[in-house]
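input16.txt follows; it contains compact mmCIF, C-alpha atoms.
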```txt
# COMPACT_ATOMS: atom_id res chain seq x y z
CA MET H 1 -46.49 19.41 -84.04
CA LYS H 2 -46.94 16.21 -82.04
CA LYS H 3 -43.86 14.73 -80.35
CA ILE H 4 -45.32 11.58 -78.77
CA PHE H 5 -47.37 9.12 -80.84
CA ILE H 6 -49.33 6.45 -78.97
CA SER H 7 -50.27 3.43 -81.06
CA HIS H 8 -53.04 1.26 -79.62
CA ASN H 9 -56.16 -0.68 -80.49
CA THR H 10 -59.49 1.01 -79.78
CA GLN H 11 -60.39 -1.86 -77.42
CA ASP H 12 -57.49 -0.74 -75.22
CA LYS H 13 -58.78 2.83 -75.06
CA VAL H 14 -58.99 2.82 -71.25
CA VAL H 15 -55.31 1.93 -70.88
CA ALA H 16 -54.31 4.57 -73.43
CA ASP H 17 -56.44 7.20 -71.69
CA ILE H 18 -55.09 6.59 -68.18
CA PHE H 19 -51.55 6.59 -69.54
CA VAL H 20 -52.11 9.89 -71.36
CA ASP H 21 -53.60 11.31 -68.13
CA PHE H 22 -50.38 10.28 -66.39
CA LEU H 23 -48.17 11.99 -69.00
CA ILE H 24 -50.15 15.21 -68.78
CA ALA H 25 -50.18 15.11 -64.96
CA VAL H 26 -46.38 14.87 -64.74
CA GLY H 27 -46.01 17.91 -66.99
CA ILE H 28 -45.94 16.83 -70.65
CA PRO H 29 -48.01 19.29 -72.70
CA ARG H 30 -51.28 17.86 -73.96
CA ASN H 31 -50.71 19.28 -77.45
CA GLU H 32 -47.50 17.27 -77.87
CA ILE H 33 -49.27 13.92 -77.52
CA PHE H 34 -51.13 12.17 -80.33
CA CYS H 35 -53.48 9.45 -79.20
CA SER H 36 -56.71 8.61 -81.02
CA SER H 37 -58.47 8.36 -77.63
CA LEU H 38 -57.87 12.04 -76.93
CA PRO H 39 -60.74 14.42 -77.68
CA GLY H 40 -59.87 16.73 -80.54
CA ASN H 41 -57.73 14.37 -82.61
CA ASN H 42 -60.70 13.60 -84.89
CA VAL H 43 -59.18 10.39 -86.22
CA ARG H 44 -62.48 9.17 -87.62
CA GLU H 45 -62.92 12.32 -89.67
CA ASN H 46 -59.51 12.55 -91.27
CA ILE H 47 -57.61 9.45 -90.33
CA THR H 48 -55.16 9.21 -93.23
CA ALA H 49 -53.83 12.76 -93.17
CA GLU H 50 -53.79 13.17 -89.40
CA ILE H 51 -52.14 9.84 -88.66
CA ARG H 52 -49.52 10.45 -91.34
CA GLU H 53 -48.74 13.94 -90.04
CA SER H 54 -48.41 12.74 -86.45
CA LEU H 55 -46.21 9.81 -87.45
CA ASP H 56 -43.94 12.12 -89.40
CA SER H 57 -43.60 14.74 -86.66
CA SER H 58 -43.30 12.49 -83.59
CA ASN H 59 -39.92 11.43 -82.24
CA ILE H 60 -41.21 9.08 -79.54
CA PHE H 61 -43.49 6.16 -80.35
CA ILE H 62 -45.36 4.28 -77.65
CA CYS H 63 -47.06 1.01 -78.65
CA ILE H 64 -49.61 -0.55 -76.29
CA LEU H 65 -49.52 -4.22 -77.25
CA SER H 66 -52.39 -6.59 -76.52
CA SER H 67 -54.15 -9.54 -78.13
CA SER H 68 -56.51 -7.01 -79.74
CA TYR H 69 -53.59 -5.05 -81.16
CA TYR H 70 -52.24 -8.13 -82.94
CA GLN H 71 -55.66 -8.93 -84.38
CA SER H 72 -55.91 -5.51 -86.04
CA ALA H 73 -54.36 -5.17 -89.51
CA TYR H 74 -54.40 -1.39 -89.09
CA CYS H 75 -52.43 -1.56 -85.84
CA LEU H 76 -49.86 -3.90 -87.40
CA ASN H 77 -49.40 -1.52 -90.32
CA GLU H 78 -48.91 1.32 -87.85
CA ALA H 79 -46.30 -0.77 -86.02
CA GLY H 80 -44.49 -1.30 -89.32
CA ILE H 81 -44.23 2.45 -89.88
CA VAL H 82 -42.93 2.91 -86.34
CA TRP H 83 -40.31 0.22 -86.92
CA TYR H 84 -39.26 1.76 -90.25
CA LYS H 85 -38.65 5.22 -88.76
CA HIS H 86 -36.02 3.85 -86.29
CA ALA H 87 -37.16 6.41 -83.73
CA ALA H 88 -37.28 6.07 -79.94
CA THR H 89 -39.84 3.34 -79.25
CA ILE H 90 -41.42 2.36 -75.95
CA ILE H 91 -43.41 -0.88 -75.71
CA ILE H 92 -46.15 -1.25 -73.10
CA GLY H 93 -47.45 -4.80 -72.86
CA LEU H 94 -50.74 -5.91 -71.41
CA PRO H 95 -50.56 -9.11 -69.29
CA GLU H 96 -51.12 -11.57 -72.17
CA ILE H 97 -48.10 -10.23 -74.11
CA ASN H 98 -44.63 -11.66 -73.47
CA ILE H 99 -41.39 -12.06 -75.43
CA ASP H 100 -42.56 -15.39 -76.87
CA ASN H 101 -45.71 -14.07 -78.53
CA MET H 102 -44.55 -10.69 -79.80
CA GLN H 103 -44.98 -10.74 -83.55
CA GLY H 104 -44.06 -8.85 -86.69
CA PHE H 105 -42.04 -5.64 -86.60
CA ILE H 106 -42.42 -5.06 -82.85
CA ASN H 107 -40.80 -8.26 -81.62
CA LYS H 108 -38.65 -9.48 -78.72
CA ASP H 109 -35.85 -7.14 -79.78
CA TYR H 110 -37.80 -4.53 -77.80
CA MET H 111 -38.13 -4.48 -74.00
CA ILE H 112 -41.68 -4.80 -72.69
CA ARG H 113 -42.77 -2.32 -70.02
CA HIS H 114 -45.72 -2.90 -67.68
CA LEU H 115 -47.95 -0.27 -66.09
CA ASN H 116 -48.25 -2.14 -62.79
CA ASN H 117 -44.50 -1.90 -62.28
CA SER H 118 -43.19 1.39 -60.87
CA ASP H 119 -39.67 0.77 -62.15
CA ASP H 120 -40.98 0.34 -65.70
CA ILE H 121 -43.00 3.55 -65.41
CA TYR H 122 -39.95 5.45 -64.13
CA ALA H 123 -37.93 4.05 -67.06
CA ILE H 124 -40.62 5.20 -69.51
CA ILE H 125 -40.76 8.74 -68.14
CA ASP H 126 -36.94 8.92 -67.95
CA ASP H 127 -36.74 8.03 -71.66
CA ILE H 128 -39.34 10.65 -72.52
CA ILE H 129 -37.65 13.35 -70.44
CA ALA H 130 -34.29 12.60 -72.06
CA GLU H 131 -35.70 12.46 -75.60
CA LEU H 132 -37.71 15.67 -75.27
CA ASN H 133 -35.09 17.45 -73.13
CA LEU H 134 -37.60 18.31 -70.42
CA THR H 135 -36.24 19.89 -67.24
CA GLN H 136 -39.33 21.20 -65.45
CA ILE H 137 -40.73 17.83 -64.37
CA LYS H 138 -40.38 17.24 -60.62
CA HIS H 139 -39.42 13.95 -59.01
CA GLN H 140 -42.13 14.26 -56.36
CA VAL H 141 -44.83 14.70 -59.01
CA ILE H 142 -43.59 11.63 -60.90
CA ASN H 143 -43.73 9.54 -57.73
CA THR H 144 -47.24 10.68 -56.86
CA GLU H 145 -48.62 10.20 -60.37
CA THR H 146 -46.90 6.82 -60.75
CA THR H 147 -48.74 5.54 -57.68
CA LYS H 148 -52.04 6.75 -59.19
CA LEU H 149 -51.25 5.15 -62.56
CA VAL H 150 -50.46 1.76 -61.02
CA ARG H 151 -53.70 1.86 -59.03
CA LYS H 152 -55.82 2.82 -62.04
CA TYR H 153 -54.18 0.20 -64.23
CA ASN H 154 -54.70 -2.56 -61.66
CA ASP H 155 -58.35 -1.51 -61.32
CA PHE H 156 -58.68 -1.79 -65.09
CA LEU H 157 -57.14 -5.28 -65.13
CA THR H 158 -59.57 -6.46 -62.45
CA ASN H 159 -62.56 -5.96 -64.76
CA ARG H 160 -60.87 -6.54 -68.10
CA ARG H 161 -62.04 -9.17 -70.52
CA VAL H 162 -59.20 -10.37 -72.76
CA GLU H 163 -59.88 -10.97 -76.42
CA SER H 164 -59.03 -14.41 -77.79
CA THR H 165 -55.30 -15.14 -77.75
CA GLU H 166 -55.52 -18.18 -79.99
CA ASN H 167 -53.65 -16.39 -82.79
CA LEU H 168 -50.73 -15.59 -80.48
CA PRO H 169 -47.93 -18.12 -80.05
CA SER H 170 -48.50 -20.10 -76.86
CA ASN H 171 -45.95 -19.89 -74.09
CA ASN H 172 -44.21 -23.23 -73.79
CA VAL H 173 -42.72 -22.69 -70.35
CA ASP H 174 -43.86 -25.53 -68.07
CA LEU H 175 -43.44 -24.70 -64.39
CA GLY H 176 -44.77 -28.10 -63.35
CA THR H 177 -46.46 -28.03 -59.95
CA ILE H 178 -45.04 -24.62 -58.99
CA SER H 179 -48.15 -22.61 -58.15
CA THR H 180 -47.57 -20.12 -55.32
CA ASP H 181 -45.99 -16.68 -55.60
CA ASP H 182 -43.51 -17.67 -52.89
CA GLU H 183 -42.15 -20.51 -55.04
CA LYS H 184 -42.19 -18.52 -58.27
CA ILE H 185 -40.25 -15.59 -56.83
CA ILE H 186 -37.56 -17.92 -55.47
CA ILE H 187 -37.27 -19.68 -58.85
CA TYR H 188 -37.07 -16.30 -60.60
CA TYR H 189 -34.19 -15.27 -58.36
CA MET H 190 -32.28 -18.53 -58.83
CA ILE H 191 -32.69 -18.72 -62.60
CA ALA H 192 -31.89 -15.03 -63.08
CA LYS H 193 -28.71 -15.52 -61.04
CA GLY H 194 -27.88 -18.89 -62.61
CA LEU H 195 -27.93 -20.64 -59.22
CA ARG H 196 -28.92 -24.20 -58.34
CA LYS H 197 -28.25 -23.60 -54.63
CA THR H 198 -29.15 -20.57 -52.57
CA SER H 199 -29.47 -19.68 -48.91
CA LYS H 200 -32.39 -18.12 -47.10
CA LYS H 201 -30.12 -15.23 -46.12
CA ASP H 202 -29.24 -14.46 -49.76
CA ILE H 203 -32.88 -14.53 -50.83
CA ILE H 204 -33.89 -12.20 -48.01
CA ASN H 205 -31.05 -9.81 -48.87
CA TRP H 206 -32.16 -9.75 -52.53
CA LEU H 207 -35.79 -9.09 -51.57
CA GLN H 208 -34.73 -6.20 -49.36
CA ILE H 209 -32.48 -4.62 -51.98
CA LYS H 210 -35.17 -4.94 -54.66
CA GLU H 211 -37.92 -3.83 -52.24
CA ILE H 212 -40.07 -6.90 -52.85
CA PHE H 213 -42.55 -7.54 -50.05
CA ASN H 214 -44.99 -10.14 -48.72
CA VAL H 215 -42.98 -13.21 -49.72
CA ASP H 216 -42.95 -16.21 -47.33
CA ILE H 217 -39.50 -17.67 -47.93
CA ASN H 218 -40.01 -20.62 -45.56
CA ASN H 219 -43.22 -21.60 -47.34
CA GLY H 220 -41.57 -21.28 -50.74
CA PHE H 221 -38.59 -23.43 -49.80
CA ASP H 222 -40.84 -26.01 -48.12
CA LEU H 223 -43.03 -26.42 -51.22
CA LEU H 224 -40.08 -26.45 -53.63
CA SER H 225 -38.37 -29.18 -51.62
CA PHE H 226 -40.99 -31.61 -53.01
CA LEU H 227 -39.90 -30.81 -56.58
CA GLY H 228 -38.04 -33.92 -57.78
CA ASN H 229 -34.91 -34.38 -55.68
CA SER H 230 -34.83 -30.79 -54.43
CA LYS H 231 -33.99 -30.33 -50.76
CA TYR H 232 -33.93 -27.66 -48.09
CA GLU H 233 -31.46 -28.18 -45.25
CA ASN H 234 -29.67 -25.82 -42.86
CA GLU H 235 -31.46 -22.84 -44.44
CA THR H 236 -29.97 -23.68 -47.86
CA PHE H 237 -32.13 -24.74 -50.79
CA GLU H 238 -30.89 -27.00 -53.59
CA LEU H 239 -33.00 -27.30 -56.74
CA ASP H 240 -33.32 -30.68 -58.44
CA ILE H 241 -30.70 -30.80 -61.25
CA THR H 242 -33.26 -31.86 -63.88
CA TYR H 243 -35.50 -28.88 -63.10
CA PHE H 244 -32.50 -26.56 -62.97
CA ARG H 245 -31.39 -27.67 -66.46
CA LYS H 246 -34.95 -27.38 -67.76
CA PHE H 247 -35.46 -23.86 -66.45
CA SER H 248 -31.93 -22.72 -67.38
CA ASN H 249 -32.43 -23.83 -70.98
CA GLN H 250 -35.42 -21.47 -71.13
CA LYS H 251 -33.93 -18.76 -68.95
CA ASP H 252 -35.34 -15.75 -70.81
CA GLU H 253 -38.78 -17.34 -71.19
CA VAL H 254 -38.94 -18.36 -67.52
CA LYS H 255 -37.93 -14.87 -66.40
CA GLU H 256 -40.53 -13.26 -68.65
CA VAL H 257 -43.29 -15.52 -67.29
CA LEU H 258 -42.31 -14.96 -63.66
CA LYS H 259 -41.42 -11.25 -63.86
CA PRO H 260 -45.06 -10.05 -63.46
CA ILE H 261 -45.33 -12.14 -60.28
CA VAL H 262 -42.24 -10.45 -58.87
CA PHE H 263 -43.53 -7.01 -59.90
CA ASN H 264 -46.81 -7.62 -58.08
CA HIS H 265 -44.82 -7.81 -54.84
CA TYR H 266 -42.68 -4.75 -55.59
CA GLU H 267 -43.33 -1.53 -53.71
CA LYS H 268 -40.97 1.41 -53.92
CA VAL H 269 -40.37 2.47 -50.32
CA SER H 270 -39.78 6.12 -51.21
CA ASN H 271 -43.35 6.21 -52.57
CA LYS H 272 -44.56 4.76 -49.29
CA PHE H 273 -42.67 7.52 -47.44
CA ILE H 274 -44.28 10.23 -49.60
CA ASN H 275 -47.70 8.77 -48.90
CA LEU H 276 -47.05 8.81 -45.14
CA TRP H 277 -45.79 12.39 -45.32
CA GLN H 278 -48.79 13.61 -47.28
CA ARG H 279 -51.10 11.94 -44.76
CA ASN H 280 -49.31 13.84 -41.93
CA VAL H 281 -48.38 10.61 -40.16
CA PHE H 282 -45.09 12.04 -38.87
CA SER H 283 -45.07 14.23 -35.77
CA ASN H 284 -42.89 17.35 -35.66
CA GLU H 285 -40.34 15.58 -33.45
CA MET H 286 -40.25 12.67 -35.90
CA LYS H 287 -39.65 15.17 -38.73
CA LEU H 288 -36.74 16.67 -36.81
CA PHE H 289 -35.33 13.18 -36.38
CA LEU H 290 -35.64 12.70 -40.15
CA LEU H 291 -33.76 15.97 -40.64
CA TYR H 292 -31.03 14.62 -38.36
CA ILE H 293 -30.84 11.53 -40.61
CA ILE H 294 -30.71 13.66 -43.76
CA GLU H 295 -28.10 16.14 -42.55
CA ASN H 296 -25.83 13.35 -41.35
CA LYS H 297 -26.67 11.00 -44.25
CA ILE H 298 -27.40 8.16 -41.85
CA SER H 299 -28.42 4.95 -43.58
CA LYS H 300 -28.08 2.52 -40.64
CA LEU H 301 -29.69 2.82 -37.22
CA GLY H 302 -28.61 0.77 -34.22
CA ASP H 303 -30.89 -1.06 -31.80
CA ARG H 304 -30.31 -2.62 -28.38
CA TRP H 305 -26.73 -1.95 -27.27
CA LYS H 306 -25.92 -0.39 -30.66
CA ALA H 307 -28.58 2.24 -30.00
CA ASP H 308 -26.34 4.00 -27.47
CA PHE H 309 -24.06 5.40 -30.16
CA GLU H 310 -27.00 6.75 -32.16
CA ILE H 311 -28.62 8.29 -29.07
CA ASN H 312 -25.37 10.09 -28.22
CA SER H 313 -25.00 11.29 -31.80
CA LEU H 314 -28.60 12.51 -31.86
CA SER H 315 -28.11 14.29 -28.50
CA GLU H 316 -25.06 16.08 -29.86
CA TRP H 317 -27.01 17.21 -32.95
CA VAL H 318 -29.86 18.42 -30.71
CA ASN H 319 -27.46 20.44 -28.54
CA ASN H 320 -25.59 21.93 -31.51
CA ASN H 321 -28.85 23.05 -33.09
CA SER H 322 -30.57 24.21 -29.87
CA MET H 323 -33.37 21.71 -30.29
CA PRO H 324 -35.66 20.70 -27.41
CA VAL H 325 -34.16 17.93 -25.26
CA SER H 326 -37.26 15.81 -25.85
CA VAL H 327 -36.13 15.26 -29.46
CA ALA H 328 -33.09 13.36 -28.20
CA ASN H 329 -35.04 11.36 -25.61
CA ASN H 330 -37.31 9.50 -28.04
CA TYR H 331 -34.89 7.64 -30.29
CA GLY H 332 -36.65 4.34 -29.60
CA VAL H 333 -40.00 5.86 -30.61
CA TYR H 334 -38.56 7.13 -33.91
CA LEU H 335 -36.90 3.84 -34.74
CA ASN H 336 -40.09 1.94 -33.96
CA ALA H 337 -42.03 4.26 -36.29
CA LEU H 338 -39.60 3.50 -39.13
CA ILE H 339 -39.91 -0.24 -38.44
CA THR H 340 -43.70 -0.20 -38.15
CA ASN H 341 -44.07 1.66 -41.45
CA ASN H 342 -41.63 -0.69 -43.24
CA LEU H 343 -39.17 2.07 -44.07
CA VAL H 344 -36.20 0.08 -42.72
CA TYR H 345 -35.18 -3.58 -42.66
CA GLU H 346 -33.15 -5.72 -40.27
CA SER H 347 -29.50 -5.81 -41.33
CA GLU H 348 -27.59 -7.08 -38.28
CA TRP H 349 -28.46 -9.43 -35.43
CA THR H 350 -27.25 -10.49 -31.99
CA SER H 351 -26.00 -14.01 -31.33
CA TYR H 352 -29.56 -14.80 -30.16
CA GLY H 353 -31.06 -13.70 -33.47
CA ASN H 354 -32.47 -10.40 -32.25
CA PRO H 355 -32.06 -7.35 -34.55
CA ARG H 356 -29.44 -4.86 -33.43
CA GLU H 357 -29.28 -2.74 -36.57
CA TYR H 358 -31.73 -1.52 -39.23
CA THR H 359 -31.03 -0.07 -42.68
CA LEU H 360 -33.08 2.40 -44.72
CA TYR H 361 -34.32 0.88 -47.97
CA ASN H 362 -32.29 1.94 -51.01
CA SER H 363 -34.97 4.03 -52.72
CA LEU H 364 -35.64 5.88 -49.46
CA GLN H 365 -31.94 6.65 -49.01
CA GLU H 366 -31.76 7.97 -52.55
CA PHE H 367 -34.88 10.07 -51.98
CA LEU H 368 -33.89 11.52 -48.59
CA PHE H 369 -30.30 12.30 -49.57
CA SER H 370 -31.00 13.74 -53.00
CA GLU H 371 -30.43 17.44 -53.67
CA THR H 372 -34.04 17.69 -54.83
CA PHE H 373 -35.63 16.24 -51.68
CA PRO H 374 -38.97 18.12 -51.82
CA TYR H 375 -39.55 18.54 -48.07
CA PHE H 376 -36.13 19.85 -47.07
CA SER H 377 -37.17 23.50 -46.86
CA GLU H 378 -40.15 22.52 -44.72
CA LEU H 379 -37.84 20.64 -42.36
CA GLN H 380 -35.43 23.59 -42.19
CA GLU H 381 -38.30 25.90 -41.32
CA LEU H 382 -39.44 23.50 -38.60
CA LYS H 383 -35.89 23.39 -37.27
CA THR H 384 -35.77 27.18 -37.06
CA ILE H 385 -39.13 27.40 -35.32
CA SER H 386 -38.21 24.64 -32.84
CA ALA H 387 -34.84 26.15 -31.86
CA ILE H 388 -34.74 27.29 -28.22
CA PRO H 389 -33.87 31.05 -28.05
CA PHE H 390 -31.08 32.21 -25.76
```
In structure tokens, how does this file's structure come out?
Amino acid sequence: MKKIFISHNTQDKVVADIFVDFLIAVGIPRNEIFCSSLPGNNVRENITAEIRESLDSSNIFICILSSSYYQSAYCLNEAGIVWYKHAATIIIGLPEINIDNMQGFINKDYMIRHLNNSDDIYAIIDDIIAELNLTQIKHQVINTETTKLVRKYNDFLTNRRVESTENLPSNNVDLGTISTDDEKIIIYYMIAKGLRKTSKKDIINWLQIKEIFNVDINNGFDLLSFLGNSKYENETFELDITYFRKFSNQKDEVKEVLKPIVFNHYEKVSNKFINLWQRNVFSNEMKLFLLYIIENKISKLGDRWKADFEINSLSEWVNNNSMPVSVANNYGVYLNALITNNLVYESEWTSYGNPREYTLYNSLQEFLFSETFPYFSELQELKTISAIPF
């Protein structure tokens, strides 16, 4: 019996297929997924009986919404059955779908997930794992396959031709002259937080915590300062009160419009680390330094005069574990590698504005310090091999 039912329009077959490939790759049995795109389902031959059986047996429903979906009476009827069953429902929206133009049974009461957003994909797979009580799926596999899914989906969007959206409600959010991603991401942050004033420091801190990259804050503030009576002084931005009221009155709509822009700049740092590891970018000494970080659960690394404490701590760990002295002598090299690969961010500065401390990104901390860290045994083996015999 099928456990996962994927409802989609035939014109969105490519999206459905790459998503099913993802589910199978992370460990969900092929025979527990019903999707008309899958070979062997034979929908055209026996559509009524097969669809009904799969709807009855499935306890997770995934709807891939698009303009084509809403123009299909059959798809809308299918959505009605899904809604009636009150089962676990996951909504995947293509770019033209937002909370303002969701129609019928599957409306804005449901959260829209996007396949170019890693967090949304993790949320989807977490829901499926919990609903189906799966325990064999590995975190490392999910990370790897999520990266592949995002890439495939973005490739699909590049060449996609969207069907007419004239029958969908138009989005009435007017962002005025706001056109760059830099501006939009700042506005998203301020409206989501309910702020009319914000500092450059607070924006940077939020970007670092959320792992959002390639945003030029200075450019964004500069452009936004021409919006009505907005101003940017002493590294603090103040949004024109008229625009603030306008955006605040449409808070949910503004967030929904700007969320995809934010997601396009999101990159989970733990995925970046996995990619670097699999490409063998890290030397053996660098791996031993990573083991030092893991065993001591170090999230902050000092630079300049604050580096002395870390060097002494590393030297002590090297001595206690009979590691080669060279491991302790290259702290600056290790730190520079973390900085160069964007695995850490500046978190403390000298009075002259020079960084004196770096912090591991949140997702990387969670990954390195988790009990299921997939490379721990490899690091332990390297530690044993590297130990100097006495």
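Of the residues under consideration (H:Asp120, H:Glu78, H:Glu131, H:Asp17), H:Glu131 shows the shortest atom-to-atom contact distance to H:Ile60 when counting only C-alpha atoms.
Take atom CA of H:Phe376 and atom CA of H:Asn362: the distance between them is 18.7 Å.
Atom to atom, atom CA of H:Ile217 and atom CA of H:Lys200 stand 7.2 Å apart.
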*With distances taken over only C-alpha atoms, which of H:Val15, H:Ile185, H:Leu65, H:Ile204 is nearest to H:Arg151?*
H:Val15
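In this comparison, which uses all atoms listed in the file, the residue of H:Leu227, H:Ala387, H:Ile90, H:Val262 approaching H:Tyr243 most closely is H:Leu227.
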*Quick one: residues within 12 Å of (-24.4, -8.3, -36.2) (file frame), counting only C-alpha atoms, please, as JSON, numbers by chain.*
{"H": [302, 303, 304, 305, 306, 346, 347, 348, 349, 350, 351, 352, 353, 354, 355, 356, 357, 358]}
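In this structure, atom CA of H:Val141 sits 9.9 Å away from atom CA of H:Pro374.
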Can you tell me which residues surround H:Met111 at a distance of at most 9 Å, considering only C-alpha atoms, apart from same-chain residues fewer than 2 positions away, and format the answer as a PDB file with C-alpha atoms, in the frame of the given file?
```pdb
ATOM      1  CA  ILE H  90     -41.420   2.360 -75.950  1.00  0.00           C
ATOM      2  CA  ILE H  91     -43.410  -0.880 -75.710  1.00  0.00           C
ATOM      3  CA  ILE H  92     -46.150  -1.250 -73.100  1.00  0.00           C
ATOM      4  CA  ILE H  99     -41.390 -12.060 -75.430  1.00  0.00           C
ATOM      5  CA  ASN H 107     -40.800  -8.260 -81.620  1.00  0.00           C
ATOM      6  CA  LYS H 108     -38.650  -9.480 -78.720  1.00  0.00           C
ATOM      7  CA  ASP H 109     -35.850  -7.140 -79.780  1.00  0.00           C
ATOM      8  CA  ARG H 113     -42.770  -2.320 -70.020  1.00  0.00           C
TER       9      ARG H 113
END
```
_Spatial neighbours of H:Tyr292, 12 Å, all atoms listed in the file, chain gap at least 2 places, as a PyMOL selection string_ = chain H and resi 285-290+294-299+301+310-311+313-321+323+327-328+331+334+368-369+376+379-380+383
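Proximity to H:Asp181 was assessed for H:His139, H:Lys231, H:Lys259, H:Lys193 counting only C-alpha atoms; the smallest distance is recorded for H:Lys259.
Shell of H:Thr340 at 12 Å, with only C-alpha atoms counted and residues fewer than 6 places along the chain excluded, is Leu276, Val281, Gly332, Val333 and Tyr334 of chain H.
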Quick test: take stretch 126-132 of chain H, keep all heavy atoms, and write it as a PDB file, in the first residue's frame.
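The new file selection.pdb reads:
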```
ATOM      1  N   ASP H 126      11.728  16.015   7.462  1.00  0.00           N
ATOM      2  CA  ASP H 126      11.476  15.792   8.894  1.00  0.00           C
ATOM      3  C   ASP H 126      10.033  15.364   9.126  1.00  0.00           C
ATOM      4  O   ASP H 126       9.754  14.462   9.928  1.00  0.00           O
ATOM      5  CB  ASP H 126      11.777  17.056   9.700  1.00  0.00           C
ATOM      6  CG  ASP H 126      13.261  17.291   9.897  1.00  0.00           C
ATOM      7  OD1 ASP H 126      14.054  16.356   9.621  1.00  0.00           O
ATOM      8  OD2 ASP H 126      13.641  18.400  10.310  1.00  0.00           O
ATOM      9  N   ASP H 127       9.094  16.021   8.442  1.00  0.00           N
ATOM     10  CA  ASP H 127       7.669  15.666   8.578  1.00  0.00           C
ATOM     11  C   ASP H 127       7.416  14.241   8.103  1.00  0.00           C
ATOM     12  O   ASP H 127       6.663  13.488   8.730  1.00  0.00           O
ATOM     13  CB  ASP H 127       6.799  16.642   7.780  1.00  0.00           C
ATOM     14  CG  ASP H 127       6.715  18.020   8.413  1.00  0.00           C
ATOM     15  OD1 ASP H 127       7.086  18.146   9.601  1.00  0.00           O
ATOM     16  OD2 ASP H 127       6.285  18.970   7.731  1.00  0.00           O
ATOM     17  N   ILE H 128       8.053  13.886   6.989  1.00  0.00           N
ATOM     18  CA  ILE H 128       7.855  12.541   6.439  1.00  0.00           C
ATOM     19  C   ILE H 128       8.449  11.485   7.369  1.00  0.00           C
ATOM     20  O   ILE H 128       7.822  10.452   7.646  1.00  0.00           O
ATOM     21  CB  ILE H 128       8.489  12.444   5.036  1.00  0.00           C
ATOM     22  CG1 ILE H 128       7.708  13.326   4.043  1.00  0.00           C
ATOM     23  CG2 ILE H 128       8.516  10.991   4.551  1.00  0.00           C
ATOM     24  CD1 ILE H 128       8.328  13.399   2.662  1.00  0.00           C
ATOM     25  N   ILE H 129       9.646  11.742   7.879  1.00  0.00           N
ATOM     26  CA  ILE H 129      10.299  10.795   8.793  1.00  0.00           C
ATOM     27  C   ILE H 129       9.446  10.578  10.039  1.00  0.00           C
ATOM     28  O   ILE H 129       9.248   9.448  10.499  1.00  0.00           O
ATOM     29  CB  ILE H 129      11.701  11.306   9.184  1.00  0.00           C
ATOM     30  CG1 ILE H 129      12.653  11.204   7.981  1.00  0.00           C
ATOM     31  CG2 ILE H 129      12.260  10.514  10.367  1.00  0.00           C
ATOM     32  CD1 ILE H 129      13.995  11.852   8.221  1.00  0.00           C
ATOM     33  N   ALA H 130       8.918  11.693  10.586  1.00  0.00           N
ATOM     34  CA  ALA H 130       8.090  11.592  11.792  1.00  0.00           C
ATOM     35  C   ALA H 130       6.785  10.853  11.516  1.00  0.00           C
ATOM     36  O   ALA H 130       6.361   9.994  12.305  1.00  0.00           O
ATOM     37  CB  ALA H 130       7.797  12.991  12.332  1.00  0.00           C
ATOM     38  N   GLU H 131       6.155  11.151  10.381  1.00  0.00           N
ATOM     39  CA  GLU H 131       4.858  10.551  10.055  1.00  0.00           C
ATOM     40  C   GLU H 131       4.985   9.059   9.757  1.00  0.00           C
ATOM     41  O   GLU H 131       4.123   8.263  10.142  1.00  0.00           O
ATOM     42  CB  GLU H 131       4.243  11.273   8.845  1.00  0.00           C
ATOM     43  CG  GLU H 131       2.807  10.906   8.561  1.00  0.00           C
ATOM     44  CD  GLU H 131       1.834  11.363   9.620  1.00  0.00           C
ATOM     45  OE1 GLU H 131       2.106  12.410  10.268  1.00  0.00           O
ATOM     46  OE2 GLU H 131       0.812  10.678   9.815  1.00  0.00           O
ATOM     47  N   LEU H 132       6.073   8.677   9.090  1.00  0.00           N
ATOM     48  CA  LEU H 132       6.253   7.273   8.712  1.00  0.00           C
ATOM     49  C   LEU H 132       7.112   6.500   9.710  1.00  0.00           C
ATOM     50  O   LEU H 132       7.385   5.318   9.518  1.00  0.00           O
ATOM     51  CB  LEU H 132       6.890   7.183   7.316  1.00  0.00           C
ATOM     52  CG  LEU H 132       6.100   7.819   6.163  1.00  0.00           C
ATOM     53  CD1 LEU H 132       6.792   7.546   4.832  1.00  0.00           C
ATOM     54  CD2 LEU H 132       4.664   7.308   6.131  1.00  0.00           C
TER      55      LEU H 132
END
```
